[in-house]
$ cat input14.tsv   # TSV, C-alpha atoms and all ligand atoms
chain	number	residue	atom	x	y	z
A	1	MET	CA	4.56	-26.27	-4.24
A	2	LEU	CA	5.71	-24.85	-7.57
A	3	ASP	CA	3.13	-25.07	-10.30
A	4	ASN	CA	3.70	-24.44	-13.98
A	5	ARG	CA	1.34	-21.52	-14.43
A	6	GLN	CA	2.84	-18.23	-15.58
A	7	VAL	CA	3.44	-15.65	-12.85
A	8	SER	CA	1.84	-12.22	-12.43
A	9	PHE	CA	3.48	-9.70	-10.07
A	10	SER	CA	2.58	-6.14	-9.18
A	11	GLY	CA	2.84	-3.70	-6.31
A	12	VAL	CA	1.34	-0.52	-4.91
A	13	GLN	CA	3.03	1.92	-2.52
A	14	PRO	CA	1.21	2.63	0.76
A	15	SER	CA	2.30	6.25	0.43
A	16	GLY	CA	-1.03	8.03	0.21
A	17	ASN	CA	-4.76	7.49	-0.16
A	18	LEU	CA	-5.17	5.55	-3.38
A	19	THR	CA	-6.84	7.18	-6.37
A	20	ILE	CA	-9.11	6.01	-9.16
A	21	GLY	CA	-5.91	6.19	-11.28
A	22	ASN	CA	-4.39	3.42	-9.15
A	23	TYR	CA	-7.66	1.52	-9.37
A	24	LEU	CA	-8.43	1.84	-13.09
A	25	GLY	CA	-4.79	1.70	-14.23
A	26	ALA	CA	-3.68	-1.21	-12.07
A	27	ILE	CA	-5.60	-2.77	-9.16
A	28	LYS	CA	-8.84	-3.35	-11.08
A	29	ASN	CA	-6.84	-5.48	-13.55
A	30	PHE	CA	-5.08	-7.63	-10.94
A	31	PRO	CA	-7.95	-10.12	-10.36
A	32	TYR	CA	-8.05	-10.82	-14.10
A	33	TYR	CA	-4.94	-13.02	-13.68
A	34	THR	CA	-6.09	-14.92	-10.59
A	35	GLU	CA	-7.44	-18.04	-12.26
A	36	ASN	CA	-4.76	-18.67	-14.86
A	37	TYR	CA	-1.61	-17.26	-13.28
A	38	LYS	CA	0.24	-17.66	-10.02
A	39	CYS	CA	-0.26	-14.15	-8.62
A	40	PHE	CA	1.79	-12.09	-6.20
A	41	TYR	CA	0.50	-8.64	-5.24
A	42	CYS	CA	2.65	-6.74	-2.83
A	43	VAL	CA	2.25	-3.66	-0.63
A	44	VAL	CA	5.63	-2.03	-1.27
A	45	ASP	CA	6.38	-0.27	2.01
A	46	GLU	CA	10.15	-0.23	1.37
A	47	HIS	CA	9.60	1.83	-1.77
A	48	ALA	CA	7.45	4.26	0.20
A	49	ILE	CA	10.33	5.34	2.48
A	50	THR	CA	12.26	6.84	-0.45
A	51	VAL	CA	10.29	9.95	0.52
A	52	ARG	CA	9.74	10.85	4.19
A	53	GLN	CA	6.77	9.14	5.81
A	54	ILE	CA	5.11	9.62	9.18
A	55	PRO	CA	5.54	6.18	10.83
A	56	ALA	CA	1.99	5.88	12.19
A	57	GLU	CA	0.58	6.84	8.79
A	58	LEU	CA	2.79	4.40	6.91
A	59	ARG	CA	1.65	1.62	9.25
A	60	ARG	CA	-2.03	2.55	8.86
A	61	ARG	CA	-1.77	2.79	5.08
A	62	THR	CA	-0.08	-0.59	4.86
A	63	TYR	CA	-3.16	-2.18	6.43
A	64	GLU	CA	-5.43	-0.02	4.28
A	65	THR	CA	-3.70	-0.94	1.03
A	66	LEU	CA	-3.93	-4.63	1.83
A	67	ALA	CA	-7.62	-4.22	2.72
A	68	LEU	CA	-8.17	-2.41	-0.59
A	69	TYR	CA	-6.53	-5.23	-2.54
A	70	ILE	CA	-9.07	-7.63	-1.06
A	71	ALA	CA	-11.98	-5.19	-1.39
A	72	CYS	CA	-11.10	-4.72	-5.07
A	73	GLY	CA	-11.61	-8.42	-5.66
A	74	LEU	CA	-8.33	-10.17	-4.84
A	75	ASP	CA	-9.06	-13.37	-2.96
A	76	PRO	CA	-6.22	-14.04	-0.46
A	77	GLU	CA	-6.81	-17.77	-0.86
A	78	LYS	CA	-6.03	-17.58	-4.57
A	79	ASN	CA	-3.46	-14.76	-4.69
A	80	THR	CA	-0.37	-14.22	-2.59
A	81	LEU	CA	-1.01	-10.85	-0.92
A	82	TYR	CA	1.80	-9.59	1.30
A	83	VAL	CA	3.93	-6.71	2.54
A	84	GLN	CA	7.36	-6.19	0.96
A	85	SER	CA	9.31	-5.62	4.21
A	86	HIS	CA	8.04	-8.96	5.54
A	87	VAL	CA	10.17	-10.74	2.93
A	88	PRO	CA	13.81	-9.67	3.41
A	89	ALA	CA	14.82	-11.34	0.13
A	90	HIS	CA	13.58	-8.21	-1.72
A	91	ALA	CA	16.23	-6.01	-0.09
A	92	GLU	CA	18.87	-8.71	-0.47
A	93	LEU	CA	18.31	-9.22	-4.19
A	94	ALA	CA	18.09	-5.43	-4.65
A	95	TRP	CA	21.66	-5.08	-3.32
A	96	ILE	CA	22.88	-7.74	-5.75
A	97	LEU	CA	21.07	-6.16	-8.69
A	98	ASN	CA	22.50	-2.75	-7.75
A	99	CYS	CA	25.82	-4.21	-8.85
A	100	PHE	CA	24.31	-4.96	-12.27
A	101	SER	CA	22.53	-1.63	-12.77
A	102	MET	CA	24.25	1.31	-14.39
A	103	PHE	CA	24.42	4.85	-13.08
A	104	GLY	CA	23.54	6.19	-16.53
A	105	GLU	CA	20.39	4.14	-16.97
A	106	LEU	CA	19.13	4.99	-13.48
A	107	SER	CA	19.79	8.69	-14.14
A	108	ARG	CA	17.47	8.53	-17.13
A	109	MET	CA	14.41	7.35	-15.18
A	110	THR	CA	11.63	9.90	-15.50
A	111	GLN	CA	10.21	9.16	-12.05
A	112	PHE	CA	13.63	9.81	-10.47
A	113	LYS	CA	13.88	13.15	-12.26
A	114	ASP	CA	10.33	14.12	-11.23
A	115	LYS	CA	10.72	13.04	-7.62
A	116	SER	CA	14.14	14.70	-7.26
A	117	ALA	CA	12.61	17.95	-8.46
A	118	LYS	CA	9.71	17.55	-6.02
A	119	HIS	CA	11.86	16.50	-3.04
A	120	ALA	CA	14.95	18.61	-3.76
A	121	ASP	CA	15.90	18.61	-0.05
A	122	ASN	CA	16.00	14.80	0.10
A	123	ILE	CA	17.47	13.29	-3.07
A	124	ASN	CA	18.61	10.16	-1.27
A	125	ALA	CA	20.32	7.10	-2.76
A	126	GLY	CA	17.11	5.07	-2.28
A	127	LEU	CA	15.23	7.43	-4.59
A	128	PHE	CA	17.93	6.82	-7.18
A	129	THR	CA	18.01	3.01	-6.84
A	130	TYR	CA	14.22	2.72	-6.43
A	131	PRO	CA	13.85	0.95	-9.82
A	132	VAL	CA	16.44	-1.64	-8.78
A	133	LEU	CA	14.32	-2.63	-5.77
A	134	MET	CA	11.39	-2.81	-8.14
A	135	ALA	CA	13.40	-5.10	-10.43
A	136	ALA	CA	14.19	-7.28	-7.41
A	137	ASP	CA	10.46	-7.48	-6.54
A	138	ILE	CA	9.62	-8.70	-10.02
A	139	LEU	CA	12.60	-10.99	-10.70
A	140	LEU	CA	12.44	-12.74	-7.32
A	141	TYR	CA	9.16	-14.36	-8.39
A	142	GLN	CA	10.27	-15.07	-11.97
A	143	ALA	CA	7.27	-12.97	-13.10
A	144	ASP	CA	6.09	-13.30	-16.70
A	145	VAL	CA	3.65	-10.38	-16.58
A	146	VAL	CA	3.58	-7.13	-14.62
A	147	PRO	CA	0.25	-5.28	-14.85
A	148	VAL	CA	0.93	-1.56	-14.28
A	149	GLY	CA	-0.13	1.91	-15.38
A	150	VAL	CA	1.85	3.70	-18.11
A	151	ASP	CA	4.00	5.60	-15.60
A	152	GLN	CA	5.66	2.34	-14.46
A	153	LYS	CA	6.40	1.01	-17.94
A	154	GLN	CA	9.89	2.50	-18.01
A	155	HIS	CA	10.76	0.75	-14.73
A	156	VAL	CA	9.58	-2.62	-16.05
A	157	GLU	CA	11.62	-2.08	-19.20
A	158	LEU	CA	14.67	-1.37	-17.03
A	159	THR	CA	13.89	-4.60	-15.14
A	160	ARG	CA	14.02	-6.44	-18.47
A	161	ASP	CA	17.41	-4.89	-19.25
A	162	ILE	CA	18.80	-5.85	-15.84
A	163	ALA	CA	17.45	-9.41	-16.21
A	164	ASP	CA	18.95	-9.72	-19.71
A	165	ARG	CA	22.30	-8.42	-18.51
A	166	PHE	CA	22.36	-10.83	-15.59
A	167	ASN	CA	21.24	-13.75	-17.77
A	168	GLN	CA	24.03	-13.05	-20.25
A	169	LEU	CA	26.59	-13.44	-17.50
A	170	TYR	CA	24.75	-16.23	-15.66
A	171	PRO	CA	22.46	-17.93	-18.14
A	172	GLY	CA	19.01	-19.13	-17.15
A	173	THR	CA	18.72	-17.12	-13.94
A	174	PHE	CA	15.69	-14.88	-14.46
A	175	THR	CA	12.47	-14.88	-16.44
A	176	VAL	CA	12.37	-11.64	-18.48
A	177	PRO	CA	9.01	-9.99	-17.60
A	178	GLN	CA	6.51	-8.21	-19.85
A	179	PRO	CA	4.82	-5.01	-18.71
A	180	ILE	CA	1.06	-5.27	-19.24
A	181	ILE	CA	-0.51	-1.86	-19.78
A	182	SER	CA	-4.28	-1.85	-20.21
A	183	THR	CA	-5.55	-0.24	-23.41
A	184	SER	CA	-7.81	2.11	-21.49
A	185	GLY	CA	-7.26	3.69	-18.07
A	186	ALA	CA	-3.49	3.21	-18.05
A	187	LYS	CA	-3.06	6.94	-17.54
A	188	ILE	CA	-5.85	8.72	-15.72
A	189	MET	CA	-5.16	12.43	-15.63
A	190	SER	CA	-5.64	15.08	-12.94
A	191	LEU	CA	-9.15	16.58	-12.92
A	192	GLN	CA	-7.67	20.08	-12.48
A	193	GLU	CA	-4.60	19.90	-14.73
A	194	PRO	CA	-5.51	17.27	-17.31
A	195	ASP	CA	-2.06	17.31	-18.89
A	196	LYS	CA	-0.68	15.84	-15.62
A	197	LYS	CA	-1.16	12.30	-14.29
A	198	MET	CA	-3.61	11.93	-11.40
A	199	SER	CA	-1.28	11.38	-8.47
A	200	LYS	CA	-2.03	10.31	-4.90
A	201	SER	CA	0.37	12.96	-3.59
A	202	ASP	CA	-1.24	15.89	-5.44
A	203	PRO	CA	-1.79	18.66	-2.86
A	204	ASN	CA	-4.90	19.86	-4.72
A	205	GLU	CA	-7.67	17.55	-3.45
A	206	ASN	CA	-10.01	18.59	-6.27
A	207	ALA	CA	-7.58	17.13	-8.80
A	208	VAL	CA	-7.76	13.63	-7.38
A	209	VAL	CA	-10.64	11.21	-6.84
A	210	ARG	CA	-9.75	8.76	-4.10
A	211	ILE	CA	-11.06	5.20	-3.98
A	212	LEU	CA	-12.38	5.98	-0.50
A	213	ASP	CA	-13.99	9.36	-1.25
A	214	ASP	CA	-17.67	9.37	-0.29
A	215	ARG	CA	-20.36	9.68	-2.94
A	216	ASP	CA	-20.94	13.44	-2.54
A	217	THR	CA	-17.21	14.16	-2.69
A	218	VAL	CA	-16.77	12.08	-5.85
A	219	ILE	CA	-19.66	13.86	-7.55
A	220	ARG	CA	-18.48	17.29	-6.41
A	221	LYS	CA	-14.93	16.69	-7.68
A	222	PHE	CA	-16.20	15.65	-11.10
A	223	ARG	CA	-18.54	18.62	-11.18
A	224	ARG	CA	-15.51	20.88	-10.67
A	225	ALA	CA	-13.36	19.06	-13.24
A	226	VAL	CA	-11.64	21.31	-15.77
A	227	THR	CA	-13.03	21.00	-19.30
A	228	ASP	CA	-12.74	23.74	-21.94
A	229	SER	CA	-14.65	26.67	-23.39
A	230	ASP	CA	-16.16	24.60	-26.18
A	231	SER	CA	-19.15	22.35	-25.45
A	232	GLU	CA	-18.49	19.22	-27.46
A	233	ILE	CA	-18.14	15.88	-25.73
A	234	ARG	CA	-15.53	14.08	-27.80
A	235	VAL	CA	-12.03	12.66	-27.46
A	236	SER	CA	-9.40	14.95	-28.93
A	237	GLU	CA	-5.82	15.91	-28.21
A	238	ASP	CA	-6.83	19.53	-27.82
A	239	LYS	CA	-9.54	18.58	-25.30
A	240	PRO	CA	-7.50	16.84	-22.55
A	241	GLY	CA	-10.05	17.45	-19.77
A	242	VAL	CA	-13.05	16.11	-21.68
A	243	SER	CA	-11.00	13.23	-23.12
A	244	ASN	CA	-9.94	12.20	-19.61
A	245	LEU	CA	-13.56	12.19	-18.42
A	246	ILE	CA	-14.60	10.07	-21.42
A	247	THR	CA	-11.76	7.63	-20.65
A	248	ILE	CA	-12.84	7.38	-17.02
A	249	LEU	CA	-16.49	6.80	-17.98
A	250	SER	CA	-15.41	4.20	-20.52
A	251	CYS	CA	-13.33	2.29	-17.93
A	252	VAL	CA	-16.11	2.46	-15.39
A	253	THR	CA	-18.99	1.39	-17.67
A	254	GLY	CA	-17.19	-0.70	-20.30
A	255	LYS	CA	-18.70	1.49	-23.05
A	256	THR	CA	-16.46	2.53	-25.94
A	257	HIS	CA	-15.46	6.17	-26.51
A	258	ASP	CA	-17.72	6.24	-29.59
A	259	GLU	CA	-20.71	4.99	-27.64
A	260	ILE	CA	-20.15	7.65	-24.99
A	261	GLU	CA	-19.77	10.42	-27.58
A	262	ARG	CA	-23.06	9.35	-29.22
A	263	GLU	CA	-24.87	9.02	-25.88
A	264	PHE	CA	-23.96	12.57	-24.84
A	265	ASP	CA	-24.23	14.18	-28.24
A	266	GLY	CA	-25.91	17.58	-27.83
A	267	GLN	CA	-25.77	17.54	-24.01
A	268	GLY	CA	-23.86	20.07	-21.92
A	269	TYR	CA	-20.73	19.55	-19.83
A	270	ALA	CA	-22.69	19.87	-16.58
A	271	GLU	CA	-24.89	16.84	-17.38
A	272	PHE	CA	-21.93	14.89	-18.66
A	273	LYS	CA	-19.78	15.58	-15.59
A	274	ALA	CA	-22.69	14.62	-13.31
A	275	ALA	CA	-23.05	11.32	-15.19
A	276	VAL	CA	-19.33	10.53	-14.85
A	277	GLY	CA	-19.48	11.34	-11.12
A	278	GLU	CA	-22.54	9.12	-10.56
A	279	ALA	CA	-21.04	6.22	-12.48
A	280	CYS	CA	-17.76	6.48	-10.63
A	281	ALA	CA	-19.48	6.68	-7.23
A	282	ASP	CA	-21.56	3.59	-8.16
A	283	MET	CA	-18.40	1.72	-9.07
A	284	LEU	CA	-16.70	2.62	-5.79
A	285	ALA	CA	-19.64	1.95	-3.43
A	286	PRO	CA	-19.26	-1.86	-3.16
A	287	VAL	CA	-15.46	-1.57	-2.86
A	288	GLN	CA	-15.85	0.91	0.01
A	289	GLU	CA	-18.40	-1.22	1.81
A	290	ARG	CA	-16.20	-4.32	1.70
A	291	TYR	CA	-13.16	-2.21	2.64
A	292	LYS	CA	-14.83	-0.93	5.82
A	293	GLU	CA	-15.65	-4.46	6.98
A	294	LEU	CA	-12.10	-5.63	6.29
A	295	LEU	CA	-10.42	-2.72	8.01
A	296	ALA	CA	-12.42	-3.36	11.15
A	297	ASP	CA	-10.78	-6.79	11.42
A	298	ARG	CA	-7.05	-6.22	11.91
A	299	GLY	CA	-6.58	-9.80	13.09
A	300	TYR	CA	-7.81	-11.06	9.76
A	301	LEU	CA	-5.60	-8.64	7.80
A	302	GLU	CA	-2.59	-9.73	9.85
A	303	SER	CA	-3.37	-13.38	9.15
A	304	VAL	CA	-3.45	-12.58	5.40
A	305	MET	CA	-0.12	-10.71	5.70
A	306	LYS	CA	1.45	-13.61	7.57
A	307	LYS	CA	0.27	-16.30	5.17
A	308	GLY	CA	1.23	-14.12	2.18
A	309	ALA	CA	4.72	-13.47	3.56
A	310	GLU	CA	5.30	-17.19	4.14
A	311	GLU	CA	4.18	-18.11	0.62
A	312	ALA	CA	6.16	-15.29	-0.98
A	313	ALA	CA	9.29	-16.13	1.04
A	314	TYR	CA	9.16	-19.71	-0.23
A	315	TYR	CA	9.34	-18.61	-3.88
A	316	ALA	CA	11.75	-15.75	-3.16
A	317	ARG	CA	14.19	-18.10	-1.39
A	318	LYS	CA	14.33	-20.39	-4.41
A	319	THR	CA	15.39	-17.55	-6.72
A	320	LEU	CA	17.77	-16.06	-4.20
A	321	SER	CA	19.59	-19.38	-3.62
A	322	LYS	CA	19.96	-19.76	-7.37
A	323	VAL	CA	21.39	-16.23	-7.67
A	324	ARG	CA	23.79	-16.77	-4.75
A	325	ARG	CA	25.02	-20.03	-6.27
A	326	LYS	CA	25.54	-18.45	-9.69
A	327	LEU	CA	27.44	-15.51	-8.19
A	328	GLY	CA	29.79	-17.74	-6.22
A	329	PHE	CA	28.62	-16.88	-2.68
A	330	VAL	CA	29.48	-19.62	-0.19
A	331	SER	CA	26.42	-21.36	1.22
A	332	LEU	CA	26.59	-22.88	4.68
B	1	LIG	P1	2.25	3.45	-7.40
B	1	LIG	O1	2.04	3.06	-5.97
B	1	LIG	O2	2.63	4.84	-7.69
B	1	LIG	O3	0.97	3.11	-8.25
B	1	LIG	C1	0.36	1.83	-8.21
B	1	LIG	C2	-0.14	1.47	-9.59
B	1	LIG	O4	-1.08	2.44	-10.06
B	1	LIG	C3	-0.70	2.91	-11.34
B	1	LIG	N1	-1.09	4.33	-11.46
B	1	LIG	C4	-1.89	4.81	-12.42
B	1	LIG	N2	-2.49	4.23	-13.46
B	1	LIG	C5	-3.25	5.02	-14.27
B	1	LIG	N3	-3.42	6.34	-14.07
B	1	LIG	C6	-2.83	6.98	-13.04
B	1	LIG	N4	-3.02	8.27	-12.85
B	1	LIG	C7	-2.02	6.20	-12.16
B	1	LIG	N5	-1.30	6.49	-11.04
B	1	LIG	C8	-0.74	5.34	-10.64
B	1	LIG	C9	0.81	2.73	-11.39
B	1	LIG	O5	1.28	2.68	-12.72
B	1	LIG	C10	0.99	1.43	-10.64
B	1	LIG	O6	0.77	0.32	-11.52
B	1	LIG	N6	6.81	1.64	-8.38
B	1	LIG	C11	5.41	1.29	-8.27
B	1	LIG	C12	5.15	0.22	-7.24
B	1	LIG	C13	5.97	-1.02	-7.43
B	1	LIG	C14	5.75	-2.01	-8.41
B	1	LIG	C15	6.74	-3.01	-8.16
B	1	LIG	C16	4.85	-2.16	-9.46
B	1	LIG	C17	7.02	-1.41	-6.66
B	1	LIG	N7	7.47	-2.62	-7.10
B	1	LIG	C18	6.84	-4.14	-8.95
B	1	LIG	C19	4.96	-3.30	-10.24
B	1	LIG	C20	5.93	-4.28	-9.98
B	1	LIG	C21	4.63	2.55	-7.90
B	1	LIG	O7	5.17	3.48	-7.40
B	1	LIG	O8	3.30	2.43	-8.07
$ encode --input "input14.tsv" --output "structure tokens" --more "lines below"
Ligand code: TYM
Amino acid sequence: MLDNRQVSFSGVQPSGNLTIGNYLGAIKNFPYYTENYKCFYCVVDEHAITVRQIPAELRRRTYETLALYIACGLDPEKNTLYVQSHVPAHAELAWILNCFSMFGELSRMTQFKDKSAKHADNINAGLFTYPVLMAADILLYQADVVPVGVDQKQHVELTRDIADRFNQLYPGTFTVPQPIISTSGAKIMSLQEPDKKMSKSDPNENAVVRILDDRDTVIRKFRRAVTDSDSEIRVSEDKPGVSNLITILSCVTGKTHDEIEREFDGQGYAEFKAAVGEACADMLAPVQERYKELLADRGYLESVMKKGAEEAAYYARKTLSKVRRKLGFVSL
């Protein structure tokens, strides 16, 4: 049944092993909405195929991403957790919205430019219209809020433009969503090149801390993190490596940047990096434990997927019928 709570929607691609960037920038914030919002959190497998995937790996990661959602605190009884390709309305609305999205605005998307440079041999139409599918995800559920990391803000803003454009022609169709970017952790940087975002597809494993990395690996990666030739532990634009580590420690412990700077005043980088590694490993340990239990029970994960897809399809159908009616499609 429809309730009158506001709606939260977000998604994660099952395209690689998730990082602490995905966790601190997005997934950790999802449960915050559970009690007061109607929440939809989707594993966006259709987005993942805009770059080539190995089928068995895509399948495995789809289960893993769903298990991680639950292990990170999303209760499937209180949130609708599902897989995008299980609800065909996403692809259907995406086609319709393609006809209301402009070539020029899609050409300006930073992620499209980055990914086309990275996958120059496969600049397919899906890579170009990727943000339109994302708009369909969000608008299908009449989402009010979309919690995401900074890198997805531009796509949510485009979603707002598409919704506004559609609403001007067909008033009252879509809720115009707000991107929600957390004040801290919205852009976790690479540990090796701290002027670049930490990305799950980074080929340099030392640059990325994965949610599922074991304790020793987490600590080792932080120990190797790039800092600078100075020895001061403080946030500053000219100290991107140290600033990133302070941000991570702040997200993990809830301490402010000032508190961290005072706590480590006079200490060396080695002690500081060890402390960040320990704190991060402590944060991940309970998530990993719960994840292992969940992954061992495929039957349970499939039951969550099935229930989630049914719930999501119910809401998606309502929006899609409205859109079809407004456009003048004949309904049988
Ligand atoms: P994806 O799968 O790349 O990332 C999932 C979420 O993690 C955030 N994120 C980060 N946050 C902070 N620091 C980082 N280094 C970092 N890296 C990733 C992302 O901002 C994102 O919130 N297009 C989306 C998936 C998507 C979606 C949607 C999101 C599809 N449909 C509808 C919201 C609503 C993506 O590729 O996320």
$ atom_distance --input "input14.tsv" --atom1 "atom C1 of ligand LIG 1 (chain B)" --atom2 "CA of Thr110 (chain A)"
15.7 Å
$ atom_distance --input "input14.tsv" --atom1 "CA of Asp228 (chain A)" --atom2 "CA of Asp151 (chain A)"
25.5 Å
$ residues_around --input "input14.tsv" --residues "Lys307 (chain A)" --least-positions-apart "3" --cutoff "12 Å" --atoms "all atoms listed in the file" --output "list of chain:residue names"
A:Pro76, A:Glu77, A:Lys78, A:Asn79, A:Thr80, A:Leu81, A:Tyr82, A:Val83, A:His86, A:Val87, A:Tyr300, A:Leu301, A:Glu302, A:Ser303, A:Val304, A:Glu310, A:Glu311, A:Ala312, A:Ala313, A:Tyr314
$ residues_around --input "input14.tsv" --residues "Gln154 (chain A)" --least-positions-apart "6" --cutoff "10 Å" --atoms "all atoms listed in the file" --output "list in words"
Arg108, Met109, Thr110, Gln111, Pro131, Arg160 and Pro179 of chain A
$ closest_atom_pairs --input "input14.tsv" --of "chain A" --to "ligand LIG 1 (chain B)" --cutoff "6 Å" --atoms "only C-alpha atoms and all ligand atoms" --output "CSV"
residue,atom,partner,partner_atom,distance
A:Phe9,CA,B:LIG1,C20,5.9
A:Ser10,CA,B:LIG1,C19,3.9
A:Gly11,CA,B:LIG1,C14,4.0
A:Val12,CA,B:LIG1,O1,3.8
A:Gln13,CA,B:LIG1,O1,3.8
A:Gly21,CA,B:LIG1,C6,3.6
A:Asn22,CA,B:LIG1,O4,3.6
A:Gly25,CA,B:LIG1,N2,3.5
A:Ala26,CA,B:LIG1,O6,4.7
A:Val44,CA,B:LIG1,C17,5.6
A:Met134,CA,B:LIG1,N7,4.1
A:Asp137,CA,B:LIG1,C18,5.5
A:Ile138,CA,B:LIG1,C18,5.4
A:Val146,CA,B:LIG1,C20,5.9
A:Val148,CA,B:LIG1,O6,3.3
A:Gly149,CA,B:LIG1,O5,3.1
A:Val150,CA,B:LIG1,O5,5.5
A:Asp151,CA,B:LIG1,O5,4.9
A:Gln152,CA,B:LIG1,O5,4.7
A:Gly185,CA,B:LIG1,C5,5.7
A:Ala186,CA,B:LIG1,C5,4.2
A:Lys187,CA,B:LIG1,N3,3.5
A:Ile188,CA,B:LIG1,N3,3.8
A:Met189,CA,B:LIG1,N4,5.4
A:Lys197,CA,B:LIG1,N4,4.7
A:Met198,CA,B:LIG1,N4,4.0
A:Ser199,CA,B:LIG1,N5,5.5
$ write_last_selection --input "input14.tsv" --atoms "C-alpha atoms" --output "PDB file, in the coordinates of the input"
ATOM      1  CA  PHE A   9       3.480  -9.700 -10.070  1.00  0.00           C
ATOM      2  CA  SER A  10       2.580  -6.140  -9.180  1.00  0.00           C
ATOM      3  CA  GLY A  11       2.840  -3.700  -6.310  1.00  0.00           C
ATOM      4  CA  VAL A  12       1.340  -0.520  -4.910  1.00  0.00           C
ATOM      5  CA  GLN A  13       3.030   1.920  -2.520  1.00  0.00           C
ATOM      6  CA  GLY A  21      -5.910   6.190 -11.280  1.00  0.00           C
ATOM      7  CA  ASN A  22      -4.390   3.420  -9.150  1.00  0.00           C
ATOM      8  CA  GLY A  25      -4.790   1.700 -14.230  1.00  0.00           C
ATOM      9  CA  ALA A  26      -3.680  -1.210 -12.070  1.00  0.00           C
ATOM     10  CA  VAL A  44       5.630  -2.030  -1.270  1.00  0.00           C
ATOM     11  CA  MET A 134      11.390  -2.810  -8.140  1.00  0.00           C
ATOM     12  CA  ASP A 137      10.460  -7.480  -6.540  1.00  0.00           C
ATOM     13  CA  ILE A 138       9.620  -8.700 -10.020  1.00  0.00           C
ATOM     14  CA  VAL A 146       3.580  -7.130 -14.620  1.00  0.00           C
ATOM     15  CA  VAL A 148       0.930  -1.560 -14.280  1.00  0.00           C
ATOM     16  CA  GLY A 149      -0.130   1.910 -15.380  1.00  0.00           C
ATOM     17  CA  VAL A 150       1.850   3.700 -18.110  1.00  0.00           C
ATOM     18  CA  ASP A 151       4.000   5.600 -15.600  1.00  0.00           C
ATOM     19  CA  GLN A 152       5.660   2.340 -14.460  1.00  0.00           C
ATOM     20  CA  GLY A 185      -7.260   3.690 -18.070  1.00  0.00           C
ATOM     21  CA  ALA A 186      -3.490   3.210 -18.050  1.00  0.00           C
ATOM     22  CA  LYS A 187      -3.060   6.940 -17.540  1.00  0.00           C
ATOM     23  CA  ILE A 188      -5.850   8.720 -15.720  1.00  0.00           C
ATOM     24  CA  MET A 189      -5.160  12.430 -15.630  1.00  0.00           C
ATOM     25  CA  LYS A 197      -1.160  12.300 -14.290  1.00  0.00           C
ATOM     26  CA  MET A 198      -3.610  11.930 -11.400  1.00  0.00           C
ATOM     27  CA  SER A 199      -1.280  11.380  -8.470  1.00  0.00           C
TER      28      SER A 199
END
$ atom_distance --input "input14.tsv" --atom1 "CA of Ser231 (chain A)" --atom2 "CA of Glu205 (chain A)"
25.3 Å
$ closest_residue --input "input14.tsv" --among "A:Asp195, A:Glu278, A:Glu259, A:Glu57" --to "Lys221 (chain A)" --atoms "only C-alpha atoms"
A:Glu278
$ closest_residue --input "input14.tsv" --among "A:Ile211, A:Ile70, A:Leu327, A:Ile181" --to "Met305 (chain A)" --atoms "all atoms listed in the file"
A:Ile70
$ closest_residue --input "input14.tsv" --among "A:Ala125, A:Val235, A:Leu106, A:Leu139" --to "Tyr315 (chain A)" --atoms "all atoms listed in the file"
A:Leu139
$ residues_near_point --input "input14.tsv" --point "(23.3, -19.8, -9.6)" --cutoff "12 Å" --atoms "all atoms listed in the file" --output "number ranges by chain"
A: 166-167, 169-174, 318-331
$ closest_residue --input "input14.tsv" --among "A:Leu97, A:Ile219, A:Leu133, A:Ile27" --to "Ala163 (chain A)" --atoms "only C-alpha atoms"
A:Leu97
$ residues_around --input "input14.tsv" --residues "Gly241 (chain A)" --least-positions-apart "4" --cutoff "7 Å" --atoms "only C-alpha atoms" --output "ChimeraX atom specification"
/A:191,194,226-227,245
$ closest_residue --input "input14.tsv" --among "A:Gly16, A:Leu66, A:Asn4, A:Tyr32" --to "Leu294 (chain A)" --atoms "only C-alpha atoms"
A:Leu66
$ residues_around --input "input14.tsv" --residues "Arg290 (chain A)" --least-positions-apart "3" --cutoff "9 Å" --atoms "all atoms listed in the file" --output "list in words"
Ala67, Leu68, Ile70, Ala71, Cys72, Ala285, Pro286, Val287, Glu293, Leu294 and Leu295 of chain A
$ write_last_selection --input "input14.tsv" --atoms "C-alpha atoms" --output "mmCIF file, keeping the file's coordinate frame"
data_model
loop_
_atom_site.group_PDB
_atom_site.id
_atom_site.type_symbol
_atom_site.label_atom_id
_atom_site.label_comp_id
_atom_site.auth_asym_id
_atom_site.auth_seq_id
_atom_site.Cartn_x
_atom_site.Cartn_y
_atom_site.Cartn_z
ATOM 1 C CA ALA A 67 -7.620 -4.220 2.720
ATOM 2 C CA LEU A 68 -8.170 -2.410 -0.590
ATOM 3 C CA ILE A 70 -9.070 -7.630 -1.060
ATOM 4 C CA ALA A 71 -11.980 -5.190 -1.390
ATOM 5 C CA CYS A 72 -11.100 -4.720 -5.070
ATOM 6 C CA ALA A 285 -19.640 1.950 -3.430
ATOM 7 C CA PRO A 286 -19.260 -1.860 -3.160
ATOM 8 C CA VAL A 287 -15.460 -1.570 -2.860
ATOM 9 C CA GLU A 293 -15.650 -4.460 6.980
ATOM 10 C CA LEU A 294 -12.100 -5.630 6.290
ATOM 11 C CA LEU A 295 -10.420 -2.720 8.010
#
$ residues_near_point --input "input14.tsv" --point "(-10.2, 11.1, -7.7)" --cutoff "7 Å" --atoms "all atoms listed in the file" --output "PyMOL selection string"
chain A and resi 19-20+207-210+218
$ axis_aligned_box --input "input14.tsv" --around "region 310-313 of chain A" --padding-each-side "8 Å" --output "lines of an AutoDock Vina configuration file"
center_x = 6.7
center_y = -16.7
center_z = 1.6
size_x = 21.1
size_y = 18.8
size_z = 21.1
